[in-house]
>>> print(open('coords16.pdb').read())   # PDB, C-alpha atoms
MODEL        1
ATOM      1  CA  MET A   1      64.500  21.772  16.625  1.00  0.00           C
ATOM      2  CA  ASP A   2      62.006  23.439  14.289  1.00  0.00           C
ATOM      3  CA  PRO A   3      59.216  25.012  16.397  1.00  0.00           C
ATOM      4  CA  ARG A   4      56.880  24.930  13.402  1.00  0.00           C
ATOM      5  CA  GLY A   5      53.927  22.618  13.551  1.00  0.00           C
ATOM      6  CA  PRO A   6      51.661  21.309  10.825  1.00  0.00           C
ATOM      7  CA  VAL A   7      50.562  23.608   8.026  1.00  0.00           C
ATOM      8  CA  LEU A   8      46.835  24.382   7.980  1.00  0.00           C
ATOM      9  CA  GLY A   9      45.506  22.888   4.768  1.00  0.00           C
ATOM     10  CA  PRO A  10      42.054  22.168   3.407  1.00  0.00           C
ATOM     11  CA  ALA A  11      39.412  20.845   5.742  1.00  0.00           C
ATOM     12  CA  ASN A  12      39.268  17.081   5.915  1.00  0.00           C
ATOM     13  CA  THR A  13      37.389  14.243   7.555  1.00  0.00           C
ATOM     14  CA  ARG A  14      38.080  10.545   7.884  1.00  0.00           C
ATOM     15  CA  PHE A  15      36.942   9.611   4.360  1.00  0.00           C
ATOM     16  CA  ASN A  16      36.394  13.011   2.670  1.00  0.00           C
ATOM     17  CA  ASP A  17      33.308  11.680   0.870  1.00  0.00           C
ATOM     18  CA  TYR A  18      32.245  15.272   0.257  1.00  0.00           C
ATOM     19  CA  VAL A  19      34.676  18.133  -0.288  1.00  0.00           C
ATOM     20  CA  GLY A  20      33.990  21.761  -0.937  1.00  0.00           C
ATOM     21  CA  THR A  21      34.297  25.376  -0.146  1.00  0.00           C
ATOM     22  CA  VAL A  22      33.090  27.802   2.480  1.00  0.00           C
ATOM     23  CA  ALA A  23      32.734  31.552   2.367  1.00  0.00           C
ATOM     24  CA  ALA A  24      31.741  33.931   5.154  1.00  0.00           C
ATOM     25  CA  ASP A  25      31.298  37.641   5.732  1.00  0.00           C
ATOM     26  CA  ASP A  26      32.441  39.219   8.988  1.00  0.00           C
ATOM     27  CA  ALA A  27      29.631  40.169  11.293  1.00  0.00           C
ATOM     28  CA  GLU A  28      29.036  43.847  11.768  1.00  0.00           C
ATOM     29  CA  ALA A  29      29.801  45.100  15.244  1.00  0.00           C
ATOM     30  CA  VAL A  30      26.561  45.141  17.204  1.00  0.00           C
ATOM     31  CA  LYS A  31      26.273  46.565  20.694  1.00  0.00           C
ATOM     32  CA  ASP A  32      25.687  43.898  23.345  1.00  0.00           C
ATOM     33  CA  GLN A  33      26.670  41.101  20.900  1.00  0.00           C
ATOM     34  CA  PRO A  34      30.003  39.308  21.372  1.00  0.00           C
ATOM     35  CA  SER A  35      32.587  39.410  18.595  1.00  0.00           C
ATOM     36  CA  LEU A  36      34.561  36.375  17.470  1.00  0.00           C
ATOM     37  CA  TYR A  37      37.455  37.664  19.590  1.00  0.00           C
ATOM     38  CA  GLU A  38      35.225  37.799  22.668  1.00  0.00           C
ATOM     39  CA  ILE A  39      33.703  34.378  22.003  1.00  0.00           C
ATOM     40  CA  ALA A  40      37.212  32.904  21.696  1.00  0.00           C
ATOM     41  CA  GLY A  41      38.605  34.905  24.640  1.00  0.00           C
ATOM     42  CA  ILE A  42      41.330  36.497  22.486  1.00  0.00           C
ATOM     43  CA  ASP A  43      42.888  39.920  23.031  1.00  0.00           C
ATOM     44  CA  ARG A  44      42.378  41.760  19.728  1.00  0.00           C
ATOM     45  CA  ASP A  45      45.106  44.254  20.676  1.00  0.00           C
ATOM     46  CA  ARG A  46      47.627  41.407  20.617  1.00  0.00           C
ATOM     47  CA  TYR A  47      46.275  38.838  18.145  1.00  0.00           C
ATOM     48  CA  THR A  48      44.704  38.819  14.692  1.00  0.00           C
ATOM     49  CA  ILE A  49      42.475  35.848  13.873  1.00  0.00           C
ATOM     50  CA  LEU A  50      43.410  34.354  10.508  1.00  0.00           C
ATOM     51  CA  ALA A  51      41.505  31.043  10.392  1.00  0.00           C
ATOM     52  CA  VAL A  52      38.572  29.217  11.980  1.00  0.00           C
ATOM     53  CA  ASP A  53      37.945  25.464  12.191  1.00  0.00           C
ATOM     54  CA  LEU A  54      34.495  24.055  12.945  1.00  0.00           C
ATOM     55  CA  ARG A  55      34.284  20.297  13.447  1.00  0.00           C
ATOM     56  CA  VAL A  56      31.381  17.936  14.080  1.00  0.00           C
ATOM     57  CA  ASP A  57      32.627  14.516  15.157  1.00  0.00           C
ATOM     58  CA  GLY A  58      30.480  13.607  18.111  1.00  0.00           C
ATOM     59  CA  PRO A  59      30.737  16.885  19.991  1.00  0.00           C
ATOM     60  CA  VAL A  60      30.938  20.128  18.051  1.00  0.00           C
ATOM     61  CA  THR A  61      34.312  21.815  18.442  1.00  0.00           C
ATOM     62  CA  ALA A  62      35.803  25.051  17.177  1.00  0.00           C
ATOM     63  CA  THR A  63      39.329  26.412  17.015  1.00  0.00           C
ATOM     64  CA  VAL A  64      40.484  29.820  15.880  1.00  0.00           C
ATOM     65  CA  TYR A  65      44.041  30.415  14.699  1.00  0.00           C
ATOM     66  CA  ALA A  66      45.602  33.809  15.330  1.00  0.00           C
ATOM     67  CA  ILE A  67      48.952  35.455  14.838  1.00  0.00           C
ATOM     68  CA  ASP A  68      50.559  37.027  17.902  1.00  0.00           C
ATOM     69  CA  ARG A  69      51.430  40.465  16.544  1.00  0.00           C
ATOM     70  CA  VAL A  70      53.162  41.492  19.783  1.00  0.00           C
ATOM     71  CA  GLU A  71      55.509  38.494  19.738  1.00  0.00           C
ATOM     72  CA  HIS A  72      56.449  39.203  16.124  1.00  0.00           C
ATOM     73  CA  GLY A  73      56.590  42.978  16.580  1.00  0.00           C
ATOM     74  CA  ILE A  74      54.265  43.723  13.670  1.00  0.00           C
ATOM     75  CA  ALA A  75      51.107  45.677  12.979  1.00  0.00           C
ATOM     76  CA  HIS A  76      48.040  44.158  11.340  1.00  0.00           C
ATOM     77  CA  ALA A  77      49.059  45.625   7.954  1.00  0.00           C
ATOM     78  CA  GLU A  78      52.453  43.857   8.142  1.00  0.00           C
ATOM     79  CA  ILE A  79      51.168  40.276   8.440  1.00  0.00           C
ATOM     80  CA  ALA A  80      51.479  39.576   4.703  1.00  0.00           C
ATOM     81  CA  ASP A  81      55.035  40.999   4.743  1.00  0.00           C
ATOM     82  CA  LEU A  82      55.919  38.544   7.517  1.00  0.00           C
ATOM     83  CA  SER A  83      54.636  35.713   5.346  1.00  0.00           C
ATOM     84  CA  GLU A  84      56.740  36.851   2.416  1.00  0.00           C
ATOM     85  CA  SER A  85      59.895  37.102   4.511  1.00  0.00           C
ATOM     86  CA  ARG A  86      59.395  33.820   6.429  1.00  0.00           C
ATOM     87  CA  GLY A  87      57.489  31.776   3.872  1.00  0.00           C
ATOM     88  CA  ASP A  88      54.669  31.189   6.325  1.00  0.00           C
ATOM     89  CA  ILE A  89      52.602  32.823   9.063  1.00  0.00           C
ATOM     90  CA  PRO A  90      52.912  31.305  12.536  1.00  0.00           C
ATOM     91  CA  VAL A  91      49.510  31.003  14.208  1.00  0.00           C
ATOM     92  CA  VAL A  92      48.456  30.036  17.709  1.00  0.00           C
ATOM     93  CA  PRO A  93      45.419  27.738  18.105  1.00  0.00           C
ATOM     94  CA  PHE A  94      42.684  28.792  20.521  1.00  0.00           C
ATOM     95  CA  ASP A  95      40.050  26.163  21.254  1.00  0.00           C
ATOM     96  CA  ILE A  96      36.635  27.629  21.911  1.00  0.00           C
ATOM     97  CA  PRO A  97      35.190  25.730  24.881  1.00  0.00           C
ATOM     98  CA  GLU A  98      31.673  24.302  24.704  1.00  0.00           C
ATOM     99  CA  VAL A  99      31.003  25.951  21.400  1.00  0.00           C
ATOM    100  CA  ASN A 100      27.450  26.580  20.322  1.00  0.00           C
ATOM    101  CA  VAL A 101      27.885  26.575  16.548  1.00  0.00           C
ATOM    102  CA  GLU A 102      24.720  28.528  15.894  1.00  0.00           C
ATOM    103  CA  ASP A 103      25.768  31.273  18.324  1.00  0.00           C
ATOM    104  CA  LEU A 104      29.297  31.301  16.901  1.00  0.00           C
ATOM    105  CA  ILE A 105      28.070  31.602  13.319  1.00  0.00           C
ATOM    106  CA  ARG A 106      25.412  34.188  14.131  1.00  0.00           C
ATOM    107  CA  HIS A 107      27.748  36.400  16.168  1.00  0.00           C
ATOM    108  CA  ALA A 108      31.016  35.957  14.286  1.00  0.00           C
ATOM    109  CA  PHE A 109      29.673  36.022  10.728  1.00  0.00           C
ATOM    110  CA  ARG A 110      26.995  38.026   8.963  1.00  0.00           C
ATOM    111  CA  ARG A 111      26.601  35.400   6.242  1.00  0.00           C
ATOM    112  CA  ILE A 112      28.060  31.948   5.754  1.00  0.00           C
ATOM    113  CA  SER A 113      27.786  29.617   2.774  1.00  0.00           C
ATOM    114  CA  VAL A 114      28.945  26.006   2.588  1.00  0.00           C
ATOM    115  CA  ARG A 115      29.037  23.968  -0.609  1.00  0.00           C
ATOM    116  CA  LEU A 116      29.938  20.284  -0.528  1.00  0.00           C
ATOM    117  CA  VAL A 117      30.292  18.100  -3.625  1.00  0.00           C
ATOM    118  CA  THR A 118      30.906  14.367  -3.750  1.00  0.00           C
ATOM    119  CA  GLN A 119      34.630  13.853  -4.028  1.00  0.00           C
ATOM    120  CA  HIS A 120      34.444  11.932  -7.309  1.00  0.00           C
ATOM    121  CA  PHE A 121      32.811  14.903  -9.083  1.00  0.00           C
ATOM    122  CA  ARG A 122      34.603  17.845  -7.442  1.00  0.00           C
ATOM    123  CA  ASP A 123      36.539  18.676 -10.613  1.00  0.00           C
ATOM    124  CA  HIS A 124      33.489  18.463 -12.892  1.00  0.00           C
ATOM    125  CA  ALA A 125      31.276  21.402 -13.850  1.00  0.00           C
ATOM    126  CA  LEU A 126      27.876  20.938 -12.248  1.00  0.00           C
ATOM    127  CA  VAL A 127      25.294  22.947 -14.203  1.00  0.00           C
ATOM    128  CA  VAL A 128      22.032  23.823 -12.470  1.00  0.00           C
ATOM    129  CA  ILE A 129      18.956  23.141 -14.614  1.00  0.00           C
ATOM    130  CA  GLU A 130      15.231  23.306 -13.962  1.00  0.00           C
ATOM    131  CA  PRO A 131      13.733  20.054 -12.663  1.00  0.00           C
ATOM    132  CA  ARG A 132      11.322  18.241 -14.987  1.00  0.00           C
ATOM    133  CA  ALA A 133       8.247  16.330 -13.997  1.00  0.00           C
ATOM    134  CA  ILE A 134       8.718  12.552 -13.996  1.00  0.00           C
ATOM    135  CA  GLU A 135       6.169  12.281 -16.828  1.00  0.00           C
ATOM    136  CA  ASP A 136       8.410  14.466 -19.041  1.00  0.00           C
ATOM    137  CA  VAL A 137      11.426  12.275 -18.319  1.00  0.00           C
ATOM    138  CA  ASP A 138       9.445   9.089 -19.055  1.00  0.00           C
ATOM    139  CA  ALA A 139       8.113  10.545 -22.338  1.00  0.00           C
ATOM    140  CA  GLN A 140      11.603  11.620 -23.436  1.00  0.00           C
ATOM    141  CA  ALA A 141      13.017   8.152 -22.690  1.00  0.00           C
ATOM    142  CA  TRP A 142      10.096   6.509 -24.560  1.00  0.00           C
ATOM    143  CA  ASN A 143      10.635   8.693 -27.669  1.00  0.00           C
ATOM    144  CA  SER A 144      14.403   8.132 -27.796  1.00  0.00           C
TER     145      SER A 144
ENDMDL
END
>>> encode(input="coords16.pdb", output="structure tokens")
Amino acid sequence: MDPRGPVLGPANTRFNDYVGTVAADDAEAVKDQPSLYEIAGIDRDRYTILAVDLRVDGPVTATVYAIDRVEHGIAHAEIADLSESRGDIPVVPFDIPEVNVEDLIRHAFRRISVRLVTQHFRDHALVVIEPRAIEDVDAQAWNS
């Protein structure tokens, strides 16, 4: 029996009306502020967090996915080598109980950016332009 579970892929929802990207910067260590490892209750000497899921579907839930370096007998710097030799990286899910998303984001990340685009236009270049007053739009349409 293959002990492997599902592969973590892109985020998804029931209908995926909007799809997008997310980027985040690690928070700087601040005295008296919990790290992501502390918030999740994970031993950083044993595990390395590789992924984070945040979900809002009724209650807000969060899961972090971490590799057990002790079980695999590797150091942090050898995680990519494990992936190359196995073809994947086995991760353990850790649900964060009663997550407060604002606290999680503020303590675990210095910056976070989310961009969602309607699914039908995700592969199109969206160019940001300056908004025009409605009078300008009406005049342009009238002169066309």
>>> closest_residue(input="coords16.pdb", among="A:Pro6, A:Pro131, A:Pro93, A:Gly73", to="Asp53 in chain A", atoms="all atoms listed in the file")
A:Pro93
>>> atom_distance(input="coords16.pdb", atom1="CA of Arg115 in chain A", atom2="CA of Leu36 in chain A")
22.6 Å
>>> closest_atom_pairs(input="coords16.pdb", of="range 64-140 of chain A", to="range 57-60 of chain A", cutoff="10 Å", atoms="only C-alpha atoms", output="CSV")
residue,atom,partner,partner_atom,distance
A:Pro97,CA,A:Val60,CA,9.8
A:Glu98,CA,A:Val60,CA,7.9
A:Val99,CA,A:Val60,CA,6.7
A:Asn100,CA,A:Val60,CA,7.7
A:Val101,CA,A:Val60,CA,7.3
>>> atom_distance(input="coords16.pdb", atom1="CA of Asp68 in chain A", atom2="CA of Val114 in chain A")
28.7 Å
>>> atom_distance(input="coords16.pdb", atom1="CA of Ala27 in chain A", atom2="CA of Ala51 in chain A")
15.0 Å
>>> residues_around(input="coords16.pdb", residues="range 94-96 of chain A", least_positions_apart="3", cutoff="6 Å", atoms="only C-alpha atoms", output="number ranges by chain")
A: 40, 62-64, 99
>>> residues_around(input="coords16.pdb", residues="Val19 in chain A", least_positions_apart="4", cutoff="7 Å", atoms="only C-alpha atoms", output="list in words")
Leu116, Val117, Thr118 and Gln119 of chain A
>>> write_last_selection(input="coords16.pdb", atoms="C-alpha atoms", output="compact mmCIF listing (two decimals), keeping the file's coordinate frame")
# COMPACT_ATOMS: atom_id res chain seq x y z
CA LEU A 116 29.94 20.28 -0.53
CA VAL A 117 30.29 18.10 -3.62
CA THR A 118 30.91 14.37 -3.75
CA GLN A 119 34.63 13.85 -4.03
>>> decode(input="coords16.pdb", residues="chain A", atoms="C-alpha atoms", output="short mmCIF file (atom, residue, chain, number, x, y, z; two decimals), in the first residue's frame")
data_model
loop_
_atom_site.label_atom_id
_atom_site.label_comp_id
_atom_site.auth_asym_id
_atom_site.auth_seq_id
_atom_site.Cartn_x
_atom_site.Cartn_y
_atom_site.Cartn_z
CA MET A 1 0.00 0.00 0.00
CA ASP A 2 1.35 3.42 -0.98
CA PRO A 3 1.50 5.62 2.15
CA ARG A 4 1.43 8.74 -0.01
CA GLY A 5 -1.62 10.92 0.16
CA PRO A 6 -2.87 13.63 -2.16
CA VAL A 7 -0.41 16.05 -3.72
CA LEU A 8 -0.78 19.66 -2.57
CA GLY A 9 -1.81 21.62 -5.63
CA PRO A 10 -3.18 25.10 -6.22
CA ALA A 11 -5.72 26.48 -3.82
CA ASN A 12 -9.30 25.77 -4.79
CA THR A 13 -12.86 26.36 -3.70
CA ARG A 14 -16.16 24.84 -4.72
CA PHE A 15 -16.54 26.85 -7.95
CA ASN A 16 -13.16 28.63 -8.29
CA ASP A 17 -14.88 31.78 -9.57
CA TYR A 18 -11.73 33.72 -8.73
CA VAL A 19 -8.23 32.26 -8.96
CA GLY A 20 -4.92 33.87 -8.25
CA THR A 21 -1.66 34.08 -6.48
CA VAL A 22 -0.38 34.84 -3.01
CA ALA A 23 3.01 35.99 -1.86
CA ALA A 24 4.28 36.49 1.69
CA ASP A 25 7.45 37.49 3.49
CA ASP A 26 8.49 35.69 6.67
CA ALA A 27 8.00 37.72 9.79
CA GLU A 28 11.13 38.88 11.53
CA ALA A 29 11.70 37.30 14.90
CA VAL A 30 10.33 39.64 17.54
CA LYS A 31 10.75 39.06 21.25
CA ASP A 32 7.49 38.16 22.99
CA GLN A 33 5.76 37.48 19.63
CA PRO A 34 4.97 33.88 18.65
CA SER A 35 6.47 32.43 15.48
CA LEU A 36 4.50 30.35 13.00
CA TYR A 37 6.06 27.26 14.60
CA GLU A 38 4.81 28.33 18.03
CA ILE A 39 1.34 29.23 16.74
CA ALA A 40 1.08 25.79 15.10
CA GLY A 41 2.66 23.96 18.06
CA ILE A 42 5.45 22.49 15.89
CA ASP A 43 8.95 21.60 17.06
CA ARG A 44 11.27 23.54 14.74
CA ASP A 45 14.17 21.24 15.68
CA ARG A 46 12.29 18.34 14.10
CA TYR A 47 10.08 19.86 11.38
CA THR A 48 10.41 22.44 8.62
CA ILE A 49 7.19 24.14 7.51
CA LEU A 50 6.86 24.07 3.73
CA ALA A 51 3.26 25.17 3.08
CA VAL A 52 0.33 26.96 4.72
CA ASP A 53 -3.38 26.68 3.90
CA LEU A 54 -5.88 29.31 5.04
CA ARG A 55 -9.54 28.55 4.38
CA VAL A 56 -12.73 30.52 4.97
CA ASP A 57 -15.78 28.30 4.57
CA GLY A 58 -17.95 29.11 7.54
CA PRO A 59 -15.27 28.94 10.21
CA VAL A 60 -11.76 30.08 9.40
CA THR A 61 -9.29 27.20 9.41
CA ALA A 62 -5.56 26.92 8.88
CA THR A 63 -3.22 24.02 8.25
CA VAL A 64 0.55 24.04 7.98
CA TYR A 65 2.42 21.28 6.17
CA ALA A 66 5.88 20.35 7.41
CA ILE A 67 8.51 17.78 6.61
CA ASP A 68 9.73 15.62 9.50
CA ARG A 69 13.49 15.99 9.10
CA VAL A 70 14.19 13.54 11.94
CA GLU A 71 12.12 10.77 10.36
CA HIS A 72 13.90 11.24 7.04
CA GLY A 73 17.33 11.75 8.59
CA ILE A 74 18.01 15.01 6.76
CA ALA A 75 19.05 18.55 7.55
CA HIS A 76 17.12 21.60 6.36
CA ALA A 77 19.57 22.08 3.46
CA GLU A 78 18.89 18.53 2.21
CA ILE A 79 15.12 18.86 1.69
CA ALA A 80 15.43 19.66 -2.02
CA ASP A 81 17.79 16.67 -2.45
CA LEU A 82 15.13 14.42 -0.91
CA SER A 83 12.64 15.73 -3.45
CA GLU A 84 14.99 14.99 -6.31
CA SER A 85 15.67 11.45 -5.13
CA ARG A 86 12.03 10.59 -4.27
CA GLY A 87 10.17 12.76 -6.75
CA ASP A 88 8.23 14.42 -3.97
CA ILE A 89 8.49 15.77 -0.43
CA PRO A 90 6.37 14.02 2.20
CA VAL A 91 4.70 16.53 4.51
CA VAL A 92 2.67 16.15 7.68
CA PRO A 93 -0.44 18.33 8.10
CA PHE A 94 -0.84 20.27 11.34
CA ASP A 95 -4.22 21.90 11.87
CA ILE A 96 -4.02 25.14 13.80
CA PRO A 97 -6.90 25.09 16.30
CA GLU A 98 -9.22 28.09 16.60
CA VAL A 99 -7.12 30.14 14.26
CA ASN A 100 -7.33 33.90 14.38
CA VAL A 101 -6.33 34.74 10.81
CA GLU A 102 -5.30 38.28 11.63
CA ASP A 103 -3.02 37.09 14.44
CA LEU A 104 -1.62 34.32 12.25
CA ILE A 105 -0.87 36.69 9.38
CA ARG A 106 0.56 39.41 11.61
CA HIS A 107 2.82 37.05 13.56
CA ALA A 108 3.81 34.57 10.86
CA PHE A 109 4.31 37.00 7.97
CA ARG A 110 5.78 40.46 7.67
CA ARG A 111 3.87 41.17 4.46
CA ILE A 112 1.21 39.26 2.56
CA SER A 113 -0.33 40.01 -0.82
CA VAL A 114 -3.30 38.24 -2.41
CA ARG A 115 -4.41 38.78 -5.99
CA LEU A 116 -7.58 37.15 -7.30
CA VAL A 117 -8.78 37.39 -10.90
CA THR A 118 -12.03 36.08 -12.34
CA GLN A 119 -11.34 32.63 -13.71
CA HIS A 120 -12.41 33.48 -17.26
CA PHE A 121 -9.72 36.19 -17.54
CA ARG A 122 -6.85 34.62 -15.58
CA ASP A 123 -4.77 34.06 -18.72
CA HIS A 124 -5.34 37.57 -20.09
CA ALA A 125 -3.04 40.54 -19.48
CA LEU A 126 -4.85 43.05 -17.29
CA VAL A 127 -3.29 46.49 -17.79
CA VAL A 128 -3.85 49.11 -15.10
CA ILE A 129 -4.89 52.50 -16.48
CA GLU A 130 -5.99 55.75 -14.88
CA PRO A 131 -9.74 56.02 -14.32
CA ARG A 132 -11.60 58.62 -16.39
CA ALA A 133 -14.50 60.72 -15.29
CA ILE A 134 -17.87 59.50 -16.59
CA GLU A 135 -18.21 62.72 -18.61
CA ASP A 136 -15.01 61.84 -20.53
CA VAL A 137 -16.32 58.37 -21.33
CA ASP A 138 -19.68 59.77 -22.49
CA ALA A 139 -17.96 62.38 -24.70
CA GLN A 140 -15.68 59.75 -26.26
CA ALA A 141 -18.65 57.48 -27.02
CA TRP A 142 -20.60 60.44 -28.49
CA ASN A 143 -17.69 61.43 -30.80
CA SER A 144 -17.07 57.88 -32.05
#
